[in-house]
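The next block is model-v5.cif, given as mmCIF, C-alpha atoms and all ligand atoms.
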data_start
#
loop_
_atom_site.label_atom_id
_atom_site.label_comp_id
_atom_site.auth_asym_id
_atom_site.auth_seq_id
_atom_site.Cartn_x
_atom_site.Cartn_y
_atom_site.Cartn_z
CA MET A 1 -104.69 36.46 41.30
CA ASP A 2 -104.58 39.08 44.04
CA PRO A 3 -101.32 39.20 46.03
CA ARG A 4 -103.01 38.00 49.19
CA SER A 5 -104.25 34.75 47.71
CA ARG A 6 -100.87 34.27 46.03
CA ILE A 7 -99.22 34.46 49.44
CA GLU A 8 -101.83 32.11 50.90
CA GLU A 9 -101.20 29.63 48.11
CA LEU A 10 -97.45 29.83 48.64
CA ALA A 11 -97.86 29.41 52.39
CA GLU A 12 -100.01 26.32 51.84
CA PHE A 13 -97.46 24.92 49.39
CA CYS A 14 -94.52 25.50 51.80
CA TYR A 15 -96.48 24.08 54.71
CA ARG A 16 -97.30 20.83 52.90
CA ARG A 17 -93.95 20.47 51.23
CA VAL A 18 -91.92 20.31 54.44
CA SER A 19 -93.37 16.92 55.31
CA ASP A 20 -93.20 15.50 51.78
CA GLN A 21 -91.62 12.03 52.07
CA LYS A 22 -89.34 12.34 49.05
CA LEU A 23 -88.05 15.73 50.13
CA LYS A 24 -87.38 14.33 53.60
CA TYR A 25 -85.34 11.50 52.09
CA ALA A 26 -83.42 13.93 49.87
CA LEU A 27 -82.54 16.04 52.91
CA LEU A 28 -81.37 12.95 54.74
CA VAL A 29 -79.08 12.08 51.84
CA GLN A 30 -77.82 15.67 51.80
CA SER A 31 -77.16 15.60 55.52
CA GLU A 32 -75.06 12.43 55.16
CA ALA A 33 -73.23 13.84 52.13
CA VAL A 34 -72.35 17.00 54.09
CA ARG A 35 -71.16 14.86 56.99
CA ALA A 36 -69.06 12.68 54.67
CA MET A 37 -67.41 15.66 52.97
CA GLY A 38 -66.64 17.39 56.26
CA ASP A 39 -65.26 14.19 57.81
CA PHE A 40 -63.18 13.43 54.75
CA LEU A 41 -61.65 16.91 54.63
CA ARG A 42 -60.94 17.05 58.37
CA SER A 43 -59.22 13.65 58.09
CA ARG A 44 -56.98 15.29 55.45
CA GLY A 45 -55.97 18.13 57.75
CA PHE A 46 -58.50 20.74 56.58
CA VAL A 47 -59.90 23.32 58.97
CA GLU A 48 -63.52 24.36 58.53
CA ILE A 49 -63.99 28.12 58.47
CA LEU A 50 -67.32 29.87 58.79
CA PRO A 51 -68.84 31.42 55.68
CA VAL A 52 -68.88 35.09 54.73
CA ILE A 53 -72.22 36.54 53.65
CA LEU A 54 -71.46 40.25 53.14
CA SER A 55 -68.30 41.59 51.57
CA PRO A 56 -67.18 44.68 49.63
CA VAL A 57 -65.59 42.30 47.08
CA THR A 58 -66.95 39.10 45.65
CA ASP A 59 -66.65 36.82 42.64
CA PRO A 60 -67.48 38.72 39.41
CA LEU A 61 -68.52 35.42 37.74
CA ARG A 62 -68.19 35.20 34.01
CA HIS A 63 -71.86 35.50 33.14
CA ALA A 64 -74.18 38.39 33.91
CA THR A 65 -75.99 38.16 37.24
CA GLY A 66 -77.84 40.94 39.03
CA ARG A 67 -75.99 42.74 41.79
CA ALA A 68 -77.20 41.91 45.28
CA GLU A 69 -76.04 44.90 47.30
CA VAL A 70 -76.60 46.25 50.75
CA GLU A 71 -75.74 49.78 51.77
CA TYR A 72 -74.93 50.25 55.40
CA TYR A 73 -73.68 53.53 56.95
CA GLY A 74 -72.23 54.59 53.63
CA GLN A 75 -70.42 51.24 53.09
CA ARG A 76 -71.40 49.15 50.13
CA TYR A 77 -71.50 45.40 50.64
CA GLN A 78 -72.40 42.65 48.25
CA LEU A 79 -73.90 39.28 49.03
CA THR A 80 -71.27 36.63 48.46
CA ARG A 81 -71.32 35.05 45.00
CA SER A 82 -68.44 32.78 46.01
CA MET A 83 -65.76 32.89 48.70
CA ILE A 84 -62.92 32.77 46.19
CA PHE A 85 -61.04 35.85 47.46
CA HIS A 86 -61.65 35.00 51.10
CA LYS A 87 -60.30 31.51 50.44
CA GLN A 88 -57.08 32.84 48.93
CA ILE A 89 -56.66 35.12 51.92
CA ALA A 90 -57.65 32.46 54.49
CA VAL A 91 -54.79 30.17 53.43
CA LEU A 92 -52.36 32.82 54.71
CA GLY A 93 -53.36 31.33 58.06
CA HIS A 94 -54.31 27.67 57.86
CA GLU A 95 -52.82 25.75 54.95
CA ARG A 96 -56.03 23.84 54.10
CA ILE A 97 -59.45 25.34 54.60
CA PHE A 98 -63.03 24.61 53.64
CA SER A 99 -66.39 26.19 54.23
CA PHE A 100 -70.01 25.41 53.49
CA SER A 101 -70.70 28.78 52.04
CA PRO A 102 -74.03 30.33 51.03
CA ASN A 103 -73.82 31.99 47.63
CA VAL A 104 -76.36 34.40 46.16
CA ARG A 105 -76.31 34.69 42.38
CA LEU A 106 -79.18 36.68 40.89
CA GLU A 107 -79.45 34.55 37.78
CA PRO A 108 -81.63 35.55 34.82
CA VAL A 109 -85.08 34.00 34.81
CA GLU A 110 -84.28 32.01 31.63
CA LEU A 111 -82.19 29.70 33.83
CA ALA A 112 -85.26 28.63 35.81
CA ASP A 113 -85.83 25.77 33.35
CA THR A 114 -82.39 24.16 33.49
CA GLY A 115 -83.26 22.22 36.65
CA ARG A 116 -79.74 23.08 37.88
CA HIS A 117 -79.89 26.74 38.92
CA LEU A 118 -80.91 28.36 42.17
CA VAL A 119 -80.50 32.00 43.12
CA GLU A 120 -79.33 30.97 46.59
CA PHE A 121 -77.30 27.83 47.10
CA THR A 122 -74.54 26.41 49.25
CA GLN A 123 -71.16 25.39 47.99
CA LEU A 124 -68.46 23.44 49.69
CA ASP A 125 -65.60 25.78 48.93
CA LEU A 126 -62.04 24.68 49.67
CA GLU A 127 -58.53 25.94 49.11
CA VAL A 128 -55.04 24.53 49.66
CA ARG A 129 -51.94 26.67 50.04
CA GLY A 130 -49.09 25.59 47.73
CA ALA A 131 -51.24 23.02 45.89
CA THR A 132 -51.26 22.36 42.17
CA ARG A 133 -54.25 21.58 40.00
CA GLU A 134 -53.18 17.91 40.02
CA ASP A 135 -53.30 17.90 43.82
CA VAL A 136 -56.83 19.27 44.02
CA MET A 137 -58.09 17.08 41.17
CA ALA A 138 -56.89 14.00 43.07
CA LEU A 139 -58.50 15.40 46.20
CA GLY A 140 -61.78 16.06 44.35
CA GLU A 141 -61.87 12.49 43.03
CA GLU A 142 -61.22 11.01 46.45
CA LEU A 143 -63.79 13.32 48.03
CA LEU A 144 -66.46 12.28 45.56
CA VAL A 145 -65.66 8.56 45.81
CA TYR A 146 -65.70 8.75 49.62
CA THR A 147 -69.00 10.66 49.66
CA LEU A 148 -70.70 8.33 47.17
CA SER A 149 -69.56 5.26 49.13
CA TRP A 150 -70.71 6.77 52.43
CA VAL A 151 -74.13 7.71 51.08
CA GLN A 152 -74.53 4.30 49.44
CA GLU A 153 -73.81 2.65 52.78
CA GLN A 154 -75.80 4.97 55.05
CA CYS A 155 -78.78 5.88 52.89
CA ALA A 156 -79.86 2.58 51.30
CA GLU A 157 -83.53 3.14 52.20
CA ALA A 158 -83.61 6.67 50.79
CA LEU A 159 -81.82 5.64 47.59
CA ALA A 160 -84.30 2.78 47.14
CA VAL A 161 -87.19 5.26 47.39
CA PHE A 162 -85.61 7.23 44.53
CA GLY A 163 -84.87 4.01 42.60
CA ARG A 164 -81.27 5.24 42.55
CA LYS A 165 -78.31 2.92 42.12
CA LEU A 166 -75.05 4.77 42.71
CA ARG A 167 -71.98 3.66 40.81
CA ILE A 168 -68.69 4.21 42.57
CA PRO A 169 -66.48 5.62 39.81
CA SER A 170 -62.99 4.31 39.19
CA ARG A 171 -60.06 6.70 39.44
CA PRO A 172 -58.50 8.56 37.77
CA PHE A 173 -61.53 10.12 36.07
CA ARG A 174 -61.40 10.74 32.32
CA ARG A 175 -60.15 14.15 31.17
CA VAL A 176 -61.23 16.15 28.14
CA SER A 177 -59.66 19.46 27.22
CA TYR A 178 -61.99 22.44 26.98
CA ARG A 179 -60.90 23.12 23.40
CA ASP A 180 -61.56 19.53 22.27
CA ALA A 181 -64.94 19.55 24.01
CA TYR A 182 -65.82 22.90 22.47
CA ASP A 183 -64.64 21.93 18.95
CA ARG A 184 -66.61 18.70 19.07
CA TYR A 185 -69.84 19.80 20.75
CA GLY A 186 -69.94 23.60 20.66
CA THR A 187 -71.25 25.75 23.50
CA ASN A 188 -73.45 22.94 24.80
CA TYR A 189 -70.46 20.66 25.42
CA GLU A 190 -71.13 20.32 29.14
CA VAL A 191 -74.68 19.01 28.73
CA ILE A 192 -73.78 16.64 25.90
CA LEU A 193 -70.70 15.19 27.58
CA SER A 194 -72.64 14.75 30.80
CA GLN A 195 -75.48 12.95 28.99
CA GLU A 196 -73.06 10.67 27.13
CA SER A 197 -71.03 9.66 30.19
CA GLU A 198 -71.58 6.94 32.73
CA GLU A 199 -68.73 8.12 34.95
CA PRO A 200 -67.77 11.62 36.12
CA LEU A 201 -65.28 13.39 33.88
CA TRP A 202 -63.02 16.42 33.98
CA ILE A 203 -62.96 19.32 31.57
CA VAL A 204 -59.51 20.90 31.86
CA ASP A 205 -57.61 23.85 30.39
CA MET A 206 -60.39 26.37 29.89
CA ALA A 207 -59.77 29.26 27.51
CA VAL A 208 -58.86 32.50 29.27
CA GLU A 209 -61.96 34.27 28.00
CA ALA A 210 -64.22 31.46 29.23
CA ARG A 211 -63.37 31.78 32.93
CA GLU A 212 -62.96 34.28 35.73
CA PHE A 213 -59.75 36.29 36.14
CA TYR A 214 -58.63 34.41 39.24
CA ASP A 215 -58.00 31.07 37.49
CA ARG A 216 -54.27 30.99 36.73
CA GLU A 217 -53.11 31.34 33.15
CA ASP A 218 -50.52 28.76 32.19
CA PRO A 219 -47.29 30.70 31.52
CA GLU A 220 -46.22 27.93 29.10
CA ARG A 221 -49.48 28.12 27.17
CA PRO A 222 -50.77 31.69 27.08
CA GLY A 223 -54.54 31.81 26.67
CA THR A 224 -55.02 28.52 28.55
CA LEU A 225 -55.90 28.28 32.23
CA VAL A 226 -54.69 25.76 34.79
CA ASP A 227 -58.21 24.99 35.90
CA MET A 228 -60.96 22.38 35.66
CA ASP A 229 -64.65 21.55 35.95
CA LEU A 230 -65.92 18.19 37.09
CA ILE A 231 -68.99 16.96 35.21
CA TYR A 232 -71.42 14.45 36.66
CA PRO A 233 -72.50 11.57 34.42
CA GLU A 234 -76.07 10.77 33.26
CA GLY A 235 -76.91 14.34 32.29
CA PHE A 236 -76.58 15.88 35.77
CA GLY A 237 -74.12 18.50 34.50
CA GLU A 238 -71.45 20.46 36.35
CA ALA A 239 -70.36 19.27 39.79
CA LEU A 240 -67.50 21.60 40.62
CA SER A 241 -65.22 24.31 39.26
CA GLY A 242 -61.74 25.13 40.43
CA GLY A 243 -58.10 25.47 39.57
CA GLU A 244 -54.83 27.14 40.42
CA ARG A 245 -55.05 30.85 41.21
CA GLU A 246 -53.44 34.03 40.04
CA TYR A 247 -51.78 35.32 43.21
CA THR A 248 -49.33 38.08 42.29
CA PRO A 249 -50.81 41.60 42.20
CA GLU A 250 -49.34 42.18 38.71
CA ARG A 251 -50.99 39.10 37.25
CA ILE A 252 -54.26 39.70 39.06
CA LEU A 253 -54.39 43.26 37.71
CA ALA A 254 -53.49 42.19 34.18
CA ARG A 255 -56.18 39.53 34.17
CA MET A 256 -58.77 41.86 35.64
CA GLU A 257 -58.07 44.44 32.98
CA ARG A 258 -58.22 41.82 30.27
CA ALA A 259 -61.65 40.78 31.57
CA GLY A 260 -62.80 44.40 31.37
CA LEU A 261 -63.19 44.73 35.15
CA ASP A 262 -62.49 47.94 37.06
CA PRO A 263 -59.67 47.32 39.57
CA GLU A 264 -61.22 50.03 41.76
CA ASP A 265 -64.07 47.61 42.53
CA TYR A 266 -61.52 45.10 43.88
CA ARG A 267 -59.32 47.58 45.72
CA LEU A 268 -59.44 45.84 49.10
CA TYR A 269 -58.55 42.47 47.58
CA LEU A 270 -55.74 44.02 45.54
CA GLU A 271 -54.31 45.83 48.58
CA ILE A 272 -54.21 42.52 50.43
CA ALA A 273 -52.66 40.78 47.39
CA ARG A 274 -49.93 43.47 47.39
CA ARG A 275 -48.97 42.36 50.87
CA GLY A 276 -48.37 38.85 49.45
CA LEU A 277 -50.60 35.87 48.70
CA TYR A 278 -49.43 32.28 48.37
CA PRO A 279 -49.87 30.18 45.28
CA SER A 280 -52.89 27.99 45.93
CA ALA A 281 -55.49 25.82 44.28
CA GLY A 282 -58.99 24.79 45.22
CA PHE A 283 -62.51 24.26 44.05
CA GLY A 284 -66.16 24.75 44.93
CA ILE A 285 -68.76 21.99 44.74
CA GLY A 286 -72.45 22.84 44.82
CA VAL A 287 -74.20 20.97 47.62
CA GLU A 288 -77.71 21.06 46.12
CA ARG A 289 -76.42 19.82 42.76
CA LEU A 290 -74.63 17.01 44.55
CA THR A 291 -77.88 16.11 46.33
CA ARG A 292 -79.71 16.13 43.02
CA PHE A 293 -77.11 13.78 41.55
CA LEU A 294 -77.05 11.45 44.56
CA CYS A 295 -80.84 11.08 44.57
CA GLY A 296 -81.19 11.17 40.78
CA LEU A 297 -83.68 14.07 40.96
CA ARG A 298 -85.09 15.62 37.82
CA ARG A 299 -84.88 19.16 39.19
CA ILE A 300 -82.57 20.71 41.77
CA GLU A 301 -85.42 22.20 43.81
CA ASP A 302 -86.83 18.70 44.42
CA GLY A 303 -84.08 18.28 47.02
CA VAL A 304 -84.17 21.77 48.56
CA LEU A 305 -86.30 22.79 51.52
CA PHE A 306 -86.68 26.47 50.59
CA PRO A 307 -85.65 26.59 46.93
CA LYS A 308 -84.98 29.93 45.25
CA VAL A 309 -85.69 29.16 41.62
CA PRO A 310 -84.85 32.17 39.39
CA GLY A 311 -87.87 34.44 39.12
CA THR A 312 -89.98 32.58 41.69
CA LEU A 313 -90.91 33.74 45.18
CA SER A 314 -90.04 31.23 47.88
CA LEU A 315 -89.71 31.17 51.63
N1 LIG B 401 -65.17 30.26 42.73
C1 LIG B 401 -65.51 29.14 41.91
C2 LIG B 401 -67.02 29.09 41.72
O1 LIG B 401 -67.74 29.51 42.60
C3 LIG B 401 -65.04 27.89 42.52
C4 LIG B 401 -63.56 27.92 42.69
O2 LIG B 401 -62.86 28.20 41.71
O3 LIG B 401 -63.09 27.62 43.79
O4 LIG B 401 -67.47 28.62 40.69
MG MG B 402 -68.54 26.65 37.55
#

For the file at hand, write its structure as structure tokens.
Ligand code: ASP
Ligand code: MG
Amino acid sequence: MDPRSRIEELAEFCYRRVSDQKLKYALLVQSEAVRAMGDFLRSRGFVEILPVILSPVTDPLRHATGRAEVEYYGQRYQLTRSMIFHKQIAVLGHERIFSFSPNVRLEPVELADTGRHLVEFTQLDLEVRGATREDVMALGEELLVYTLSWVQEQCAEALAVFGRKLRIPSRPFRRVSYRDAYDRYGTNYEVILSQESEEPLWIVDMAVEAREFYDREDPERPGTLVDMDLIYPEGFGEALSGGEREYTPERILARMERAGLDPEDYRLYLEIARRGLYPSAGFGIGVERLTRFLCGLRRIEDGVLFPKVPGTLSL
């Protein structure tokens, strides 16, 4: 097909899609979920900060993604892959912060079929100065329960259109250690556990090589991190990732080197860490994945207005 008719076809698709009834209902659910999460966090003393889009340092992630870089007057910026470093620095000011933060992750095209990956997405990213993993796990459970209850109450018509019955999970959520999950199910543990579960569950204590350098290593259990993922039930997969953070420059450097990263690439972050960071904990929850779960959508892009599926051109 010549490029012109490809663009015409895409334009036609975008034009029609905006008024699609199901998409409109999904966006309504998302709007209420965003409201619920913001209200809940503000009621707990959190301050909303605005997101960062360009930065000289961003999350390395633990899997290979393309680099999204911008060069500007000799300065090199990257598009934010997550606000992790900015969150750690932001809690030097306010003790509890959150942001609805756009993340760009140039995922390989093989991930287009998972139904869970977008190249551009928004995550509710939060951080709490002085908090432990237990604190933010309790917070994450309450946040999810509050949001599910709010959406159930406010979006009955939309949920009926999707034939979706939301269960309000009971707390505390079940916990499975990363090593047990891995031993039992292998690399696909997340998918299998999610498919088998009717309630959300936590995966805790990731292995050091399985996560980014900023998740704190347990000094009592070398090789094990004080971190967690929350997994949605019914096969919807990962909801959030988070944990306690490495915050001393020595530990940050050691972990970076162990992960094979060049500290030079993180110089600005390290210089700030040398001036003193607080211990903190937090997590990031993907908004589009949450929408998918709330509406029971087969694919993430079914609930996104301008979805960036890996390898596919979109508005
Ligand atoms: N930075 C993590 C992520 O984007 C979330 C977190 O640890 O706060 O997956
Ligand atoms: Mg994650």

* Considering only C-alpha atoms and all ligand atoms, state which residue in the set A:Ser31, A:Ser170, A:Thr65, A:Thr122 is at the smallest distance from ligand LIG 401 (chain B). =>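 The answer is A:Thr122, which sits nearest to ligand LIG 401 (chain B).
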
* atom CA of A:Gly45 and atom CA of A:Gly243 are how many Å apart? ->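 Atom CA of A:Gly45 sits 19.7 Å away from atom CA of A:Gly243.
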
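Closest approach to A:Ile97 among A:Ile49, A:Leu230, A:Val208, A:Leu111: A:Ile49, based on all atoms listed in the file.
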
* To do: Enumerate as a PyMOL selection string the residues within 7 Å of ligand MG 402 (chain B), counting only C-alpha atoms and all ligand atoms.
  => chain A and resi 229+238+240-241

Output file for the selection above: C-alpha atoms, as a PDB file, in the coordinates of the input:
ATOM      1  CA  ASP A 229     -64.650  21.550  35.950  1.00  0.00           C
ATOM      2  CA  GLU A 238     -71.450  20.460  36.350  1.00  0.00           C
ATOM      3  CA  LEU A 240     -67.500  21.600  40.620  1.00  0.00           C
ATOM      4  CA  SER A 241     -65.220  24.310  39.260  1.00  0.00           C
TER       5      SER A 241
END

* Can you tell me which residues come within 8 Å of ligand LIG 401 (chain B) when counting only C-alpha atoms and all ligand atoms, ideally as a PyMOL selection string? => chain A and resi 59+61+81-84+123+125-127+214-215+240-243+281-285

* Mind giving me the straight-line distance from atom CA of A:Met137 to atom CA of A:Leu79 in Å, one decimal? => 28.4 Å

* **Length of the atom CA of A:Val109 to atom CA of A:Gly66 vector [Å]** => 10.9 Å

* Could you tell me which of A:Leu139, A:Val57, A:Val151, A:Ala273 comes closest to A:Leu28 if we count all atoms listed in the file? =>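 Smallest distance to A:Leu28 is found for A:Val151.
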
* Asked: Which residue, A:Leu159, A:Ala138, A:Pro60, A:Thr147, has the smallest gap to A:Arg171 when you use only C-alpha atoms?
  ->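 That would be A:Ala138, the residue with the smallest distance to A:Arg171.
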
* **Minimum-distance residue to A:Phe293, chosen among A:Lys24, A:Lys308, A:His94, A:Arg116 (using only C-alpha atoms)** =>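 Nearest candidate to A:Phe293 out of A:Lys24, A:Lys308, A:His94, A:Arg116: A:Arg116.
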
* Structure fact -> Closest of A:Leu297, A:Leu10, A:Ala207, A:Ala68 to A:Leu225, counting all atoms listed in the file, is A:Ala207

Coordinates of box centre and edge lengths for stretch 290-294 of chain A, 8 Å on every side, axis-aligned, as lines of an AutoDock Vina configuration file:
center_x = -77.2
center_y = 14.2
center_z = 43.9
size_x = 21.1
size_y = 21.6
size_z = 20.8

* To do: Would you list the contacts of A:Pro56 as a PyMOL selection string, taking every protein, DNA or RNA residue within 9 Å and counting only C-alpha atoms, but skipping same-chain residues closer than 5 positions in sequence?
  => chain A and resi 75-79+265-266+268

* To do: Name all residues at most 7 Å from A:Phe213 (count only C-alpha atoms; drop same-chain ones fewer than 6 positions away) and give them as a list in words.
  =>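 Skipping anything fewer than 6 positions along the chain leaves Arg255, Met256 and Ala259 of chain A.
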
* Asked: Within 10 Å of A:Glu288, counting only C-alpha atoms, which residues qualify if same-chain residues fewer than 3 places away don't, as JSON, numbers by chain?
  -> {"A": [26, 27, 30, 116, 117, 118, 121, 122, 123, 239, 285, 291, 292, 293, 294, 300, 301, 302, 303, 304, 307]}

Counting only C-alpha atoms, what are the residues of stretch 47-156 of chain A within 12 Å of stretch 176-200 of chain A, and for each of them which pair of atoms is the nearest and at what distance in Å, to one decimal? Sort the table by chain and rising number, as a tab-separated table.
residue	atom	partner	partner_atom	distance
A:Thr114	CA	A:Val191	CA	10.4
A:Arg116	CA	A:Val191	CA	11.2
A:Gly140	CA	A:Pro200	CA	11.1
A:Glu141	CA	A:Pro200	CA	9.1
A:Leu144	CA	A:Pro200	CA	9.6
A:Val145	CA	A:Pro200	CA	10.4
A:Leu148	CA	A:Pro200	CA	11.9

Can you write just those residues out, C-alpha atoms, as a PDB file, in the coordinates of the input?
ATOM      1  CA  THR A 114     -82.390  24.160  33.490  1.00  0.00           C
ATOM      2  CA  ARG A 116     -79.740  23.080  37.880  1.00  0.00           C
ATOM      3  CA  GLY A 140     -61.780  16.060  44.350  1.00  0.00           C
ATOM      4  CA  GLU A 141     -61.870  12.490  43.030  1.00  0.00           C
ATOM      5  CA  LEU A 144     -66.460  12.280  45.560  1.00  0.00           C
ATOM      6  CA  VAL A 145     -65.660   8.560  45.810  1.00  0.00           C
ATOM      7  CA  LEU A 148     -70.700   8.330  47.170  1.00  0.00           C
TER       8      LEU A 148
END

* To do: Using only C-alpha atoms, give me every residue within 6 Å of (-72.5, 17.3, 50.6) in file coordinates, as a PyMOL selection string.
  => chain A and resi 30+33-34+37+287

Missing atoms in stretch 221-229 of chain A need filling: write out all heavy atoms for it as a compact mmCIF listing (two decimals), in the coordinates of the input.
# COMPACT_ATOMS: atom_id res chain seq x y z
N ARG A 221 -48.46 28.18 28.23
CA ARG A 221 -49.48 28.12 27.17
C ARG A 221 -50.42 29.32 27.31
O ARG A 221 -51.54 29.19 27.81
CB ARG A 221 -50.29 26.82 27.29
CG ARG A 221 -49.47 25.57 27.04
CD ARG A 221 -50.31 24.32 27.18
NE ARG A 221 -50.91 24.22 28.51
CZ ARG A 221 -51.90 23.39 28.82
NH1 ARG A 221 -52.41 22.59 27.91
NH2 ARG A 221 -52.37 23.35 30.04
N PRO A 222 -49.94 30.50 26.91
CA PRO A 222 -50.77 31.69 27.08
C PRO A 222 -52.16 31.49 26.46
O PRO A 222 -52.29 30.88 25.40
CB PRO A 222 -49.99 32.77 26.33
CG PRO A 222 -48.58 32.28 26.27
CD PRO A 222 -48.65 30.78 26.24
N GLY A 223 -53.16 31.97 27.16
CA GLY A 223 -54.54 31.81 26.67
C GLY A 223 -55.23 30.61 27.27
O GLY A 223 -56.44 30.45 27.14
N THR A 224 -54.45 29.74 27.96
CA THR A 224 -55.02 28.52 28.55
C THR A 224 -54.86 28.58 30.07
O THR A 224 -53.81 28.94 30.58
CB THR A 224 -54.30 27.27 27.99
OG1 THR A 224 -54.50 27.25 26.58
CG2 THR A 224 -54.85 25.99 28.59
N LEU A 225 -55.91 28.19 30.77
CA LEU A 225 -55.90 28.28 32.23
C LEU A 225 -55.59 26.92 32.87
O LEU A 225 -55.93 25.88 32.30
CB LEU A 225 -57.27 28.77 32.72
CG LEU A 225 -57.71 30.12 32.15
CD1 LEU A 225 -59.14 30.45 32.60
CD2 LEU A 225 -56.76 31.23 32.56
N VAL A 226 -54.97 26.99 34.04
CA VAL A 226 -54.69 25.76 34.79
C VAL A 226 -55.89 25.53 35.72
O VAL A 226 -55.83 25.78 36.91
CB VAL A 226 -53.38 25.89 35.60
CG1 VAL A 226 -52.95 24.52 36.13
CG2 VAL A 226 -52.28 26.49 34.75
N ASP A 227 -56.98 25.12 35.12
CA ASP A 227 -58.21 24.99 35.90
C ASP A 227 -59.01 23.78 35.43
O ASP A 227 -58.57 23.03 34.54
CB ASP A 227 -59.03 26.28 35.83
CG ASP A 227 -59.53 26.59 34.43
OD1 ASP A 227 -59.16 25.87 33.48
OD2 ASP A 227 -60.30 27.57 34.28
N MET A 228 -60.16 23.57 36.01
CA MET A 228 -60.96 22.38 35.66
C MET A 228 -62.40 22.52 36.14
O MET A 228 -62.69 23.26 37.07
CB MET A 228 -60.33 21.11 36.26
CG MET A 228 -60.50 20.92 37.74
SD MET A 228 -59.46 22.01 38.78
CE MET A 228 -60.01 21.52 40.41
N ASP A 229 -63.27 21.78 35.48
CA ASP A 229 -64.65 21.55 35.95
C ASP A 229 -64.80 20.04 36.07
O ASP A 229 -64.24 19.30 35.25
CB ASP A 229 -65.68 22.01 34.90
CG ASP A 229 -66.02 23.49 35.00
OD1 ASP A 229 -65.40 24.19 35.83
OD2 ASP A 229 -66.89 23.93 34.23
